[in-house]
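K.L.:
So here's input.cif (mmCIF, C-alpha atoms (C1' of nucleotides)).
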data_input
loop_
_atom_site.label_atom_id
_atom_site.label_comp_id
_atom_site.auth_asym_id
_atom_site.auth_seq_id
_atom_site.Cartn_x
_atom_site.Cartn_y
_atom_site.Cartn_z
CA MET A 1 13.24 -29.45 20.82
CA TYR A 2 9.88 -29.69 19.12
CA ALA A 3 8.35 -27.07 21.42
CA SER A 4 10.06 -24.30 19.48
CA LEU A 5 8.56 -25.50 16.19
CA LEU A 6 5.13 -26.07 17.72
CA ALA A 7 5.11 -22.55 19.13
CA HIS A 8 6.02 -21.20 15.71
CA ILE A 9 3.32 -23.23 13.97
CA ALA A 10 0.77 -22.04 16.53
CA ARG A 11 1.36 -18.46 15.41
CA TYR A 12 -0.11 -19.31 12.01
CA VAL A 13 -2.43 -22.34 12.31
CA SER A 14 -3.81 -24.46 15.13
CA LEU A 15 -2.96 -28.09 15.77
CA SER A 16 -4.65 -30.33 18.32
CA GLU A 17 -2.43 -32.04 20.88
CA ALA A 18 -2.89 -35.33 19.09
CA GLU A 19 -1.81 -33.72 15.84
CA ALA A 20 1.19 -32.05 17.46
CA GLU A 21 2.37 -35.41 18.71
CA LEU A 22 2.67 -36.65 15.13
CA LEU A 23 5.43 -34.21 14.25
CA PRO A 24 8.41 -36.17 15.65
CA GLN A 25 7.63 -38.94 13.18
CA TYR A 26 8.38 -36.59 10.31
CA LEU A 27 11.04 -34.17 11.52
CA LYS A 28 14.42 -35.38 12.73
CA PRO A 29 16.65 -33.41 15.11
CA LEU A 30 20.23 -32.76 14.08
CA THR A 31 23.07 -31.05 15.91
CA LEU A 32 25.75 -29.20 13.96
CA ALA A 33 29.19 -28.03 15.01
CA ARG A 34 30.39 -24.53 14.15
CA LYS A 35 31.25 -24.34 10.42
CA GLU A 36 29.63 -27.70 9.66
CA HIS A 37 27.79 -27.84 6.32
CA LEU A 38 24.22 -29.00 5.66
CA LEU A 39 24.61 -28.54 1.91
CA LEU A 40 27.57 -28.16 -0.42
CA GLN A 41 27.52 -26.48 -3.81
CA GLY A 42 26.82 -29.14 -6.43
CA GLN A 43 24.76 -31.34 -4.11
CA VAL A 44 21.00 -31.67 -4.53
CA CYS A 45 19.20 -30.15 -1.56
CA THR A 46 16.66 -32.66 -0.21
CA ALA A 47 15.37 -31.10 2.99
CA ASN A 48 14.06 -27.99 4.66
CA TYR A 49 15.76 -26.96 7.94
CA PHE A 50 14.15 -25.30 10.97
CA VAL A 51 16.58 -23.61 13.34
CA VAL A 52 15.76 -24.51 16.96
CA GLN A 53 18.93 -22.96 18.42
CA GLY A 54 21.89 -21.37 16.69
CA CYS A 55 22.45 -19.81 13.28
CA LEU A 56 22.70 -21.00 9.68
CA ARG A 57 23.76 -19.12 6.58
CA THR A 58 23.51 -19.63 2.82
CA TYR A 59 26.52 -18.50 0.78
CA PHE A 60 28.21 -19.03 -2.57
CA LEU A 61 31.71 -18.55 -3.93
CA THR A 62 32.31 -15.57 -6.22
CA GLU A 63 34.59 -15.80 -9.25
CA LYS A 64 37.39 -14.41 -7.10
CA GLY A 65 36.85 -17.18 -4.56
CA ALA A 66 35.30 -14.99 -1.86
CA GLU A 67 32.41 -16.33 0.23
CA GLN A 68 29.30 -14.27 -0.44
CA THR A 69 26.63 -14.70 2.25
CA VAL A 70 23.12 -14.35 0.82
CA GLN A 71 21.00 -15.15 3.86
CA PHE A 72 21.08 -15.96 7.55
CA ALA A 73 18.59 -18.00 9.58
CA ILE A 74 18.39 -17.77 13.36
CA GLU A 75 15.99 -19.34 15.87
CA ARG A 76 12.55 -20.10 14.41
CA TRP A 77 13.51 -19.60 10.76
CA TRP A 78 13.25 -22.19 8.01
CA LEU A 79 16.12 -22.40 5.56
CA THR A 80 16.62 -24.38 2.36
CA ASP A 81 17.49 -23.92 -1.31
CA TYR A 82 14.08 -24.09 -2.98
CA ALA A 83 15.58 -23.92 -6.48
CA SER A 84 17.51 -27.13 -5.86
CA LEU A 85 14.73 -28.73 -3.79
CA ASP A 86 11.96 -28.14 -6.36
CA ALA A 87 13.96 -29.08 -9.44
CA HIS A 88 16.08 -31.84 -7.85
CA ALA A 89 18.98 -29.93 -9.37
CA PRO A 90 22.51 -29.38 -8.00
CA SER A 91 22.61 -26.36 -5.73
CA GLU A 92 24.65 -23.25 -6.43
CA PHE A 93 24.91 -22.59 -2.69
CA PHE A 94 26.43 -23.80 0.54
CA ILE A 95 24.38 -24.01 3.74
CA GLN A 96 26.55 -23.86 6.85
CA ALA A 97 26.22 -23.55 10.63
CA VAL A 98 27.70 -20.22 11.77
CA GLU A 99 27.85 -21.46 15.39
CA PRO A 100 26.91 -24.74 17.13
CA THR A 101 23.33 -25.21 15.92
CA GLN A 102 20.34 -27.49 16.50
CA VAL A 103 17.95 -27.97 13.59
CA LEU A 104 14.89 -30.02 12.77
CA VAL A 105 15.17 -31.67 9.37
CA LEU A 106 12.10 -32.06 7.18
CA GLU A 107 13.05 -34.28 4.26
CA GLN A 108 11.32 -33.34 1.02
CA ARG A 109 10.07 -36.89 0.43
CA VAL A 110 8.32 -37.06 3.82
CA GLN A 111 6.89 -33.57 3.50
CA GLU A 112 4.09 -34.88 1.28
CA GLU A 113 3.08 -37.47 3.87
CA LEU A 114 3.15 -34.79 6.53
CA PHE A 115 0.82 -32.54 4.52
CA ALA A 116 -1.51 -35.49 3.92
CA GLN A 117 -1.70 -36.05 7.69
CA LEU A 118 -1.85 -32.39 8.69
CA PRO A 119 -3.29 -30.31 5.86
CA GLN A 120 -3.07 -27.16 8.00
CA LEU A 121 0.67 -27.26 7.49
CA GLU A 122 0.23 -26.53 3.82
CA ARG A 123 -1.18 -23.22 4.97
CA TYR A 124 1.57 -22.77 7.58
CA PHE A 125 4.29 -23.09 4.97
CA ARG A 126 2.45 -20.79 2.60
CA LEU A 127 2.41 -18.12 5.29
CA VAL A 128 6.07 -18.71 6.19
CA LEU A 129 6.93 -18.29 2.51
CA GLN A 130 4.92 -15.07 2.27
CA ARG A 131 7.05 -13.65 5.05
CA ALA A 132 10.23 -14.87 3.39
CA THR A 133 9.19 -13.27 0.11
CA ALA A 134 8.43 -9.99 1.86
CA ALA A 135 11.83 -10.15 3.59
CA ALA A 136 13.60 -10.80 0.28
CA LEU A 137 11.97 -7.76 -1.31
CA PHE A 138 12.87 -5.61 1.66
CA ARG A 139 16.45 -6.81 1.40
CA VAL A 140 16.65 -5.73 -2.24
CA LYS A 141 15.19 -2.36 -1.25
CA VAL A 142 17.83 -1.87 1.43
CA LEU A 143 20.68 -2.94 -0.87
CA PHE A 144 19.63 -0.45 -3.54
CA GLY A 145 18.20 2.29 -1.39
CA GLN A 146 21.10 3.16 0.88
CA THR A 147 24.89 3.36 1.00
CA GLY A 148 27.01 0.65 2.60
CA ALA A 149 27.63 2.75 5.69
CA ALA A 150 23.90 3.43 6.14
CA ARG A 151 23.08 -0.27 5.74
CA TYR A 152 25.54 -1.18 8.48
CA GLN A 153 24.28 1.53 10.81
CA HIS A 154 20.64 0.54 10.40
CA PHE A 155 21.39 -3.14 10.66
CA SER A 156 23.48 -2.79 13.78
CA THR A 157 20.90 -0.65 15.56
CA ALA A 158 18.07 -2.98 14.49
CA PHE A 159 19.93 -6.20 15.43
CA PRO A 160 22.76 -5.28 17.85
CA GLU A 161 22.92 -8.76 19.39
CA PHE A 162 23.19 -10.36 15.95
CA VAL A 163 26.14 -8.16 14.98
CA GLN A 164 28.01 -9.51 18.01
CA ARG A 165 27.12 -13.05 17.09
CA VAL A 166 28.48 -13.48 13.57
CA PRO A 167 32.01 -12.90 12.23
CA GLN A 168 32.30 -9.50 10.62
CA TYR A 169 33.40 -10.85 7.29
CA MET A 170 30.10 -12.74 6.96
CA LEU A 171 28.12 -9.67 7.92
CA ALA A 172 30.11 -7.49 5.51
CA SER A 173 29.35 -9.74 2.56
CA TYR A 174 25.68 -10.05 3.60
CA LEU A 175 25.45 -6.24 3.63
CA GLY A 176 27.14 -6.05 0.25
CA PHE A 177 30.69 -4.87 0.84
CA THR A 178 34.16 -6.07 1.86
CA PRO A 179 35.36 -6.77 5.42
CA GLU A 180 37.97 -4.03 5.00
CA PHE A 181 35.27 -1.51 4.21
CA LEU A 182 33.22 -2.61 7.23
CA SER A 183 36.27 -2.09 9.38
CA LYS A 184 36.62 1.44 8.01
CA ILE A 185 32.94 2.23 8.62
CA ARG A 186 33.36 1.15 12.24
CA ALA A 187 36.48 3.31 12.58
CA ARG A 188 34.63 6.32 11.13
CA MET A 189 31.74 5.86 13.60
CA GLU A 190 34.52 6.39 16.21
CA MET B 1 -9.04 -14.38 -19.62
CA TYR B 2 -9.33 -17.09 -16.97
CA ALA B 3 -7.85 -19.72 -19.29
CA SER B 4 -4.37 -18.34 -18.65
CA LEU B 5 -4.78 -18.67 -14.88
CA LEU B 6 -6.36 -22.12 -15.13
CA ALA B 7 -3.48 -23.35 -17.26
CA HIS B 8 -1.04 -22.01 -14.70
CA ILE B 9 -2.89 -23.62 -11.79
CA ALA B 10 -2.99 -26.92 -13.69
CA ARG B 11 0.81 -27.00 -13.68
CA TYR B 12 0.77 -27.36 -9.91
CA VAL B 13 -2.57 -28.86 -8.76
CA SER B 14 -5.64 -30.30 -10.47
CA LEU B 15 -9.10 -28.75 -10.46
CA SER B 16 -12.24 -30.38 -11.80
CA GLU B 17 -14.23 -28.45 -14.40
CA ALA B 18 -16.86 -27.64 -11.82
CA GLU B 19 -14.18 -26.26 -9.52
CA ALA B 20 -12.58 -24.26 -12.32
CA GLU B 21 -15.91 -22.60 -13.01
CA LEU B 22 -15.96 -21.17 -9.50
CA LEU B 23 -12.91 -18.97 -10.08
CA PRO B 24 -14.66 -16.03 -11.80
CA GLN B 25 -16.65 -15.47 -8.62
CA TYR B 26 -13.47 -14.67 -6.74
CA LEU B 27 -11.09 -13.04 -9.24
CA LYS B 28 -12.02 -9.87 -11.06
CA PRO B 29 -10.47 -8.84 -14.40
CA LEU B 30 -8.94 -5.38 -14.67
CA THR B 31 -7.37 -3.60 -17.63
CA LEU B 32 -4.60 -1.08 -17.04
CA ALA B 33 -3.19 1.59 -19.32
CA ARG B 34 0.55 2.05 -19.69
CA LYS B 35 1.99 3.70 -16.55
CA GLU B 36 -1.21 3.21 -14.57
CA HIS B 37 -0.70 2.31 -10.91
CA LEU B 38 -2.20 -0.59 -8.96
CA LEU B 39 -0.59 0.55 -5.73
CA LEU B 40 1.00 3.78 -4.54
CA GLN B 41 3.58 4.12 -1.78
CA GLY B 42 1.73 4.75 1.48
CA GLN B 43 -1.40 2.81 0.46
CA VAL B 44 -2.24 -0.53 2.04
CA CYS B 45 -2.01 -3.31 -0.52
CA THR B 46 -5.21 -5.37 -0.41
CA ALA B 47 -4.91 -7.73 -3.36
CA ASN B 48 -2.72 -10.15 -5.27
CA TYR B 49 -2.43 -9.58 -9.04
CA PHE B 50 -2.07 -12.23 -11.74
CA VAL B 51 -0.77 -10.95 -15.08
CA VAL B 52 -2.82 -12.34 -17.98
CA GLN B 53 -1.26 -10.12 -20.63
CA GLY B 54 1.29 -7.32 -20.27
CA CYS B 55 3.84 -6.38 -17.65
CA LEU B 56 3.86 -4.99 -14.11
CA ARG B 57 6.73 -3.73 -12.01
CA THR B 58 7.32 -2.94 -8.34
CA TYR B 59 9.50 0.08 -7.64
CA PHE B 60 10.30 2.61 -4.92
CA LEU B 61 11.77 6.09 -4.82
CA THR B 62 15.34 6.46 -3.59
CA GLU B 63 16.43 9.37 -1.42
CA LYS B 64 17.57 11.15 -4.56
CA GLY B 65 14.14 10.72 -6.10
CA ALA B 66 15.12 8.06 -8.65
CA GLU B 67 12.75 5.18 -9.40
CA GLN B 68 14.33 1.91 -8.32
CA THR B 69 12.66 -1.13 -9.92
CA VAL B 70 12.81 -4.17 -7.64
CA GLN B 71 10.77 -6.68 -9.62
CA PHE B 72 8.93 -7.27 -12.87
CA ALA B 73 5.97 -9.59 -13.51
CA ILE B 74 5.04 -10.71 -17.00
CA GLU B 75 2.39 -13.16 -18.24
CA ARG B 76 1.53 -15.87 -15.69
CA TRP B 77 3.24 -14.23 -12.72
CA TRP B 78 1.58 -13.16 -9.50
CA LEU B 79 2.61 -9.82 -8.02
CA THR B 80 1.81 -8.10 -4.74
CA ASP B 81 3.48 -6.54 -1.71
CA TYR B 82 3.22 -9.29 0.89
CA ALA B 83 4.68 -7.09 3.63
CA SER B 84 1.81 -4.63 3.25
CA LEU B 85 -0.79 -7.32 2.55
CA ASP B 86 0.06 -9.45 5.60
CA ALA B 87 0.43 -6.60 8.07
CA HIS B 88 -2.28 -4.31 6.62
CA ALA B 89 0.49 -1.71 6.71
CA PRO B 90 1.21 1.14 4.27
CA SER B 91 3.39 -0.07 1.43
CA GLU B 92 6.87 1.24 0.73
CA PHE B 93 6.44 0.43 -2.95
CA PHE B 94 4.60 1.38 -6.11
CA ILE B 95 3.08 -1.25 -8.42
CA GLN B 96 2.68 0.01 -11.97
CA ALA B 97 1.78 -1.28 -15.44
CA VAL B 98 4.82 -1.00 -17.71
CA GLU B 99 2.63 -1.41 -20.81
CA PRO B 100 -1.14 -1.89 -21.36
CA THR B 101 -1.85 -4.83 -19.08
CA GLN B 102 -4.68 -7.20 -18.19
CA VAL B 103 -4.69 -8.63 -14.68
CA LEU B 104 -6.90 -10.79 -12.52
CA VAL B 105 -7.39 -9.29 -9.06
CA LEU B 106 -7.63 -11.56 -6.03
CA GLU B 107 -8.70 -9.42 -3.09
CA GLN B 108 -7.14 -10.50 0.20
CA ARG B 109 -10.52 -10.66 1.96
CA VAL B 110 -11.99 -13.05 -0.62
CA GLN B 111 -8.86 -15.21 -0.73
CA GLU B 112 -9.91 -16.97 2.48
CA GLU B 113 -13.30 -17.89 1.00
CA LEU B 114 -11.57 -19.13 -2.12
CA PHE B 115 -9.26 -21.40 -0.11
CA ALA B 116 -12.26 -22.72 1.85
CA GLN B 117 -13.95 -23.64 -1.46
CA LEU B 118 -10.83 -24.95 -3.20
CA PRO B 119 -8.28 -26.15 -0.66
CA GLN B 120 -5.92 -27.24 -3.45
CA LEU B 121 -5.22 -23.55 -4.07
CA GLU B 122 -3.51 -23.28 -0.71
CA ARG B 123 -0.98 -25.69 -2.15
CA TYR B 124 -0.87 -23.86 -5.48
CA PHE B 125 0.08 -20.60 -3.81
CA ARG B 126 2.64 -22.34 -1.62
CA LEU B 127 4.34 -23.68 -4.73
CA VAL B 128 4.15 -20.33 -6.51
CA LEU B 129 5.78 -18.74 -3.45
CA GLN B 130 8.52 -21.37 -3.40
CA ARG B 131 9.41 -20.40 -6.95
CA ALA B 132 9.30 -16.70 -6.06
CA THR B 133 11.61 -17.31 -3.09
CA ALA B 134 14.04 -19.25 -5.27
CA ALA B 135 13.96 -16.44 -7.84
CA ALA B 136 14.65 -13.82 -5.15
CA LEU B 137 17.69 -15.75 -3.92
CA PHE B 138 18.99 -16.15 -7.44
CA ARG B 139 18.55 -12.43 -7.99
CA VAL B 140 20.70 -11.65 -4.94
CA LYS B 141 23.31 -14.09 -6.24
CA VAL B 142 23.44 -12.37 -9.62
CA LEU B 143 23.61 -8.90 -8.07
CA PHE B 144 26.55 -9.87 -5.88
CA GLY B 145 28.24 -12.37 -8.11
CA GLN B 146 28.91 -10.42 -11.26
CA THR B 147 29.70 -6.94 -12.55
CA GLY B 148 27.05 -4.66 -14.03
CA ALA B 149 28.21 -5.35 -17.57
CA ALA B 150 28.07 -9.13 -17.04
CA ARG B 151 24.58 -8.89 -15.52
CA TYR B 152 23.32 -7.02 -18.57
CA GLN B 153 24.95 -9.42 -21.00
CA HIS B 154 23.53 -12.49 -19.29
CA PHE B 155 20.11 -10.94 -18.89
CA SER B 156 19.87 -9.82 -22.48
CA THR B 157 20.91 -13.20 -23.86
CA ALA B 158 18.54 -15.02 -21.47
CA PHE B 159 15.56 -12.70 -22.12
CA PRO B 160 16.17 -10.86 -25.40
CA GLU B 161 12.48 -10.21 -26.06
CA PHE B 162 12.06 -8.73 -22.58
CA VAL B 163 14.93 -6.28 -23.09
CA GLN B 164 13.07 -4.91 -26.14
CA ARG B 165 9.88 -4.62 -24.18
CA VAL B 166 10.75 -2.42 -21.21
CA PRO B 167 12.34 1.05 -21.18
CA GLN B 168 16.04 0.84 -20.55
CA TYR B 169 15.96 3.03 -17.48
CA MET B 170 13.70 0.49 -15.75
CA LEU B 171 15.96 -2.36 -16.78
CA ALA B 172 19.06 -0.45 -15.67
CA SER B 173 17.69 0.11 -12.18
CA TYR B 174 16.47 -3.50 -11.98
CA LEU B 175 19.98 -4.67 -12.84
CA GLY B 176 21.48 -2.33 -10.27
CA PHE B 177 23.02 0.58 -12.16
CA THR B 178 22.16 3.88 -13.86
CA PRO B 179 20.64 4.29 -17.35
CA GLU B 180 23.77 6.18 -18.41
CA PHE B 181 25.92 3.22 -17.47
CA LEU B 182 23.66 0.82 -19.37
CA SER B 183 24.02 3.04 -22.41
CA LYS B 184 27.79 2.85 -22.09
CA ILE B 185 27.73 -0.93 -21.74
CA ARG B 186 25.71 -1.17 -24.94
CA ALA B 187 28.13 1.16 -26.72
CA ARG B 188 31.09 -0.98 -25.57
CA MET B 189 29.40 -4.16 -26.88
CA GLU B 190 29.16 -2.22 -30.20
"C1'" DG C 1 1.62 13.59 -39.88
"C1'" DG C 2 3.51 16.62 -36.85
"C1'" DC C 3 4.36 18.05 -31.98
"C1'" DG C 4 5.63 17.37 -27.39
"C1'" DT C 5 7.25 14.42 -24.20
"C1'" DT C 6 9.92 10.66 -22.94
"C1'" DT C 7 13.95 7.92 -23.62
"C1'" DC C 8 18.72 7.23 -25.00
"C1'" DT C 9 23.53 8.78 -25.70
"C1'" DT C 10 28.05 10.92 -24.82
"C1'" DG C 11 31.75 13.06 -22.25
"C1'" DA C 12 34.18 14.85 -18.25
"C1'" DA C 13 34.71 15.15 -13.40
"C1'" DC C 14 33.98 12.63 -9.45
"C1'" DT C 15 33.34 9.11 -5.41
"C1'" DA C 16 32.04 4.98 -2.95
"C1'" DG C 17 33.89 1.05 -2.33
"C1'" DT C 18 37.84 -2.45 -3.75
"C1'" DT C 19 42.27 -4.48 -3.75
"C1'" DC C 20 46.56 -5.62 -2.00
"C1'" DA C 21 49.81 -5.91 1.49
"C1'" DA C 22 51.45 -5.85 6.02
"C1'" DG C 23 50.95 -5.95 10.97
"C1'" DC C 24 48.36 -6.97 15.15
"C1'" DG C 25 45.54 -9.48 18.61
"C1'" DG C 26 42.86 -13.05 20.43
"C1'" DT C 27 41.84 -17.86 21.02
"C1'" DG C 28 41.35 -22.72 20.35
"C1'" DG C 29 43.91 -26.98 20.17
"C1'" DC C 30 47.17 -30.07 22.02
"C1'" DG D 1 51.49 -22.56 28.20
"C1'" DC D 2 52.77 -21.95 23.59
"C1'" DC D 3 52.02 -21.86 18.68
"C1'" DA D 4 49.50 -21.39 14.63
"C1'" DC D 5 45.90 -19.60 12.64
"C1'" DC D 6 42.03 -16.85 11.87
"C1'" DG D 7 39.81 -12.54 11.98
"C1'" DC D 8 40.28 -7.56 12.33
"C1'" DT D 9 42.59 -3.17 11.19
"C1'" DT D 10 45.02 0.42 8.47
"C1'" DG D 11 46.83 2.83 4.55
"C1'" DA D 12 47.74 3.77 -0.30
"C1'" DA D 13 46.68 3.03 -4.99
"C1'" DC D 14 43.05 1.97 -7.85
"C1'" DT D 15 38.46 1.20 -10.54
"C1'" DA D 16 33.63 0.38 -11.45
"C1'" DG D 17 30.04 2.89 -11.62
"C1'" DT D 18 27.80 7.78 -10.64
"C1'" DT D 19 26.59 12.42 -11.50
"C1'" DC D 20 25.57 16.32 -14.15
"C1'" DA D 21 24.66 18.48 -18.30
"C1'" DA D 22 23.39 18.89 -22.94
"C1'" DG D 23 22.00 17.17 -27.34
"C1'" DA D 24 19.85 13.54 -30.38
"C1'" DA D 25 16.49 10.22 -31.36
"C1'" DA D 26 12.19 7.89 -30.92
"C1'" DC D 27 7.78 7.27 -29.63
"C1'" DG D 28 2.79 7.93 -28.53
"C1'" DC D 29 -1.07 10.68 -29.17
"C1'" DC D 30 -4.67 13.72 -31.16
#
Please render this file's structure as C-alpha cells.
P.N.:
Amino acid sequence: MYASLLAHIARYVSLSEAEAELLPQYLKPLTLARKEHLLLQGQVCTANYFVVQGCLRTYFLTEKGAEQTVQFAIERWWLTDYASLDAHAPSEFFIQAVEPTQVLVLEQRVQEELFAQLPQLERYFRLVLQRATAAALFRVKVLFGQTGAARYQHFSTAFPEFVQRVPQYMLASYLGFTPEFLSKIRARME
Amino acid sequence: MYASLLAHIARYVSLSEAEAELLPQYLKPLTLARKEHLLLQGQVCTANYFVVQGCLRTYFLTEKGAEQTVQFAIERWWLTDYASLDAHAPSEFFIQAVEPTQVLVLEQRVQEELFAQLPQLERYFRLVLQRATAAALFRVKVLFGQTGAARYQHFSTAFPEFVQRVPQYMLASYLGFTPEFLSKIRARME
DNA sequence: GGCGTTTCTTGAACTAGTTCAAGCGGTGGC
DNA sequence: GCCACCGCTTGAACTAGTTCAAGAAACGCC
C-alpha cells in the first residue's frame, strides 16, 4: 500500500527508513468502488489523492448536461482540485473512480504537519507539480495542434492499454470530441 | 526591480530583510524589446522567468505554420517550459515578449543554491505551481465548456485592460479560434 | 510626419465535428 | 437464466468555426 508511494517519493527525494515509517500516520488508505465519487461539484475539496491501484478522473458538467473529462490519474499520480483546496472554495468539478481504485488520502490540514516532520516532501510536491504543469501545457498543445482523429491515433498508440481500460465516452470527451465521432474515427481506421 | 518579486514572495512565505538581500545574487534582471525571444523551439530551456513589468507569451507553430499561443504571463507571474527545464530536452515552444518587458532570470543551475540558502522558497515555488496547475485546469474547463463567442465575452469582461494590451491574433489563438472569427464576434457584439 | 509593415475586417465557400434518433450487443444484478 | 440498462455504432441533417483573398486601418519607427 505505502510501498507504491515510497517508491514514487524515492524518485525525487530521499527518506530514511525511520522517516518513511512516519507516513502511515499522515496518509489514510481508502478503497473506492467503480463510479464512486471522491468529490462532488459544489463541495470543498479538502485532500490530495495518490492512486495506488486503479484510475480516477476529474470531470464537470457542460451546459448541455454532458460529462466533460478534464484529467485522468492512474497508478502513481496525485489528483486533487487545487483551486478548491487552496481557496477553501466549492469545487466546479467531480472526482470519480473510473474502476475499483485504492488511494492514499492526504488531508490538507495534516499536510502542514507532514511537511514540518519531513521537509523534503515540500520539494517532492514541488517536483510533482512541475511535472503536472508540463503535462497540462502539453495537453493544450495537443488539443490545439492536431485534429480529433490525429489526437486519438497518437493517444491510442502511446497508451494502448489505457484505451482498453476506460469507457470510450470518457476518452472521447478527454480528447475533445463526442463519443459518436470517436466511433466514426475507429470505423474509418478500419 | 526586486521589490516586485519580494512583494510576491511575501504573499506566500516570509523572508527576513537579511534573507531578502540575498536574492540579487541569484536572479539577474533582463530587459526585452517587443517581440524579442527568451526561448526558441529546439533550444533547451535553462531558466525560470519572473515578469516585473510587461508581458510574455508561450506559443508554438502548428502544422500550417500558424502561431498558437498557449499561455500569457503578465506582472508577477513566473513563466518557463518545465518539460524542457526538467528533462534538459529541446523545447517544443517559443517564449517571447509581447511588449517591452522586464524580467528577473532564475537560472536552473543556481536555483538549487538558492533553495539551499533560503529553504522557504521551495515552499514558495510549490505554492506558485499549485496556482498554475489550478489555472491550467480552469483553462481546459473554459475551452471545453463554452463556445468561442462566450469565451471571448467572458475573457474581455474579466480582463478588459488585457484585451487592449495584446494583439488580437494572439488573443484569438489563446482563446482557441482564428483572428478572423474573433473579428466577426466583435462585429456581432456591435 | 510620412512610410512601411503589421494588424484588423469582411464576405463567400467550405469542412470538421455535432446533434439527434434508432438499433444493436454485452454484461451485471438478482 | 433473463431482463434492463449502459455503452457503442451508424446515418442524415446541421452548424460553429475555418480558409482564402483582398482591402482598410493603425501603429511603430527613423
K.L.:
Residues of chain C were defined as contacting chain B if any atom lay at most 10 Å from it, counting only C-alpha atoms (C1' of nucleotides); please report them as a PyMOL selection string.
P.N.:
chain C and resi 7-10
K.L.:
Just need the residues of chain A within 6 Å of chain B, counting all atoms listed in the file, so spit them out as a PDB file with C-alpha atoms, keeping the file's coordinate frame.
P.N.:
ATOM      1  CA  THR A  62      32.310 -15.570  -6.220  1.00  0.00           C
ATOM      2  CA  TYR A  82      14.080 -24.090  -2.980  1.00  0.00           C
ATOM      3  CA  ALA A  83      15.580 -23.920  -6.480  1.00  0.00           C
ATOM      4  CA  ARG A 126       2.450 -20.790   2.600  1.00  0.00           C
ATOM      5  CA  THR A 133       9.190 -13.270   0.110  1.00  0.00           C
ATOM      6  CA  ALA A 134       8.430  -9.990   1.860  1.00  0.00           C
ATOM      7  CA  GLY A 145      18.200   2.290  -1.390  1.00  0.00           C
TER       8      GLY A 145
END
K.L.:
With the file shown as input, list the residues that the PyMOL selection byres ((chain D and resi 10-15) around 10) selects, as a list in words.
P.N.:
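When the PyMOL selection byres ((chain D and resi 10-15) around 10) is applied to the shown file, the picked residues are Glu180, Ser183, Lys184 and Ala187 of chain A; DG17, DT18, DT19, DC20, DA21, DA22 and DG23 of chain C; DT9, DA16 and DG17 of chain D.
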K.L.:
Taking the file as shown, what set of residues would the PyMOL selection byres ((chain A and resi 96-101) around 6) give back, as a PyMOL selection string?
P.N.:
chain A and resi 31-38+53-57+95+102
K.L.:
Just give me the gap between atom CA of B:Gly65 and atom CA of B:Phe50 in Å, one decimal is fine.
P.N.:
28.7 Å
K.L.:
Quick one: which residues from chain D are at most 12 Å off chain B, using all atoms listed in the file, as a ChimeraX atom specification?
P.N.:
/D:16-20,26-28
K.L.:
Taking 6 positions as the minimum chain separation for residues in the same chain, which residues sit within 12 Å of A:Ser156 when counting all atoms listed in the file? Answer as a count of residues only.
P.N.:
15
K.L.:
Please enclose the listed atoms of stretch 21-28 of chain D in an axis-aligned box, pad each side by 8 Å, and write out the centre and the three edge lengths in Å, rounded to one decimal, as JSON.
P.N.:
{"center_x": 13.7, "center_y": 13.1, "center_z": -24.8, "size_x": 37.9, "size_y": 27.6, "size_z": 29.1}
K.L.:
Expressed in Å to a single decimal, how great is the separation between atom CA of A:Cys45 and atom CA of A:Gln108?
P.N.:
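Those two atoms sit 8.9 Å apart.
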K.L.:
Provide the atom CA of A:Arg188 to atom C1' of D:DC5 distance in Å, to one decimal place.
P.N.:
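Separation between atom CA of A:Arg188 and atom C1' of D:DC5: 28.3 Å.
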K.L.:
Could you state which residues are captured by the PyMOL selection byres ((chain A and resi 6-14) around 7) in this file, as a list in words?
P.N.:
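So the PyMOL selection byres ((chain A and resi 6-14) around 7), applied here, picks out Tyr2, Ala3, Ser4, Leu5, Leu15, Ser16, Arg76, Gln120 and Tyr124 of chain A.
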K.L.:
Given the choices D:DC3, D:DC30, D:DC8, D:DA22, which gets closest to C:DG11 if the distance is worked out from all atoms listed in the file?
P.N.:
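Comparing D:DC3, D:DC30, D:DC8, D:DA22 against C:DG11, the winner is D:DA22.
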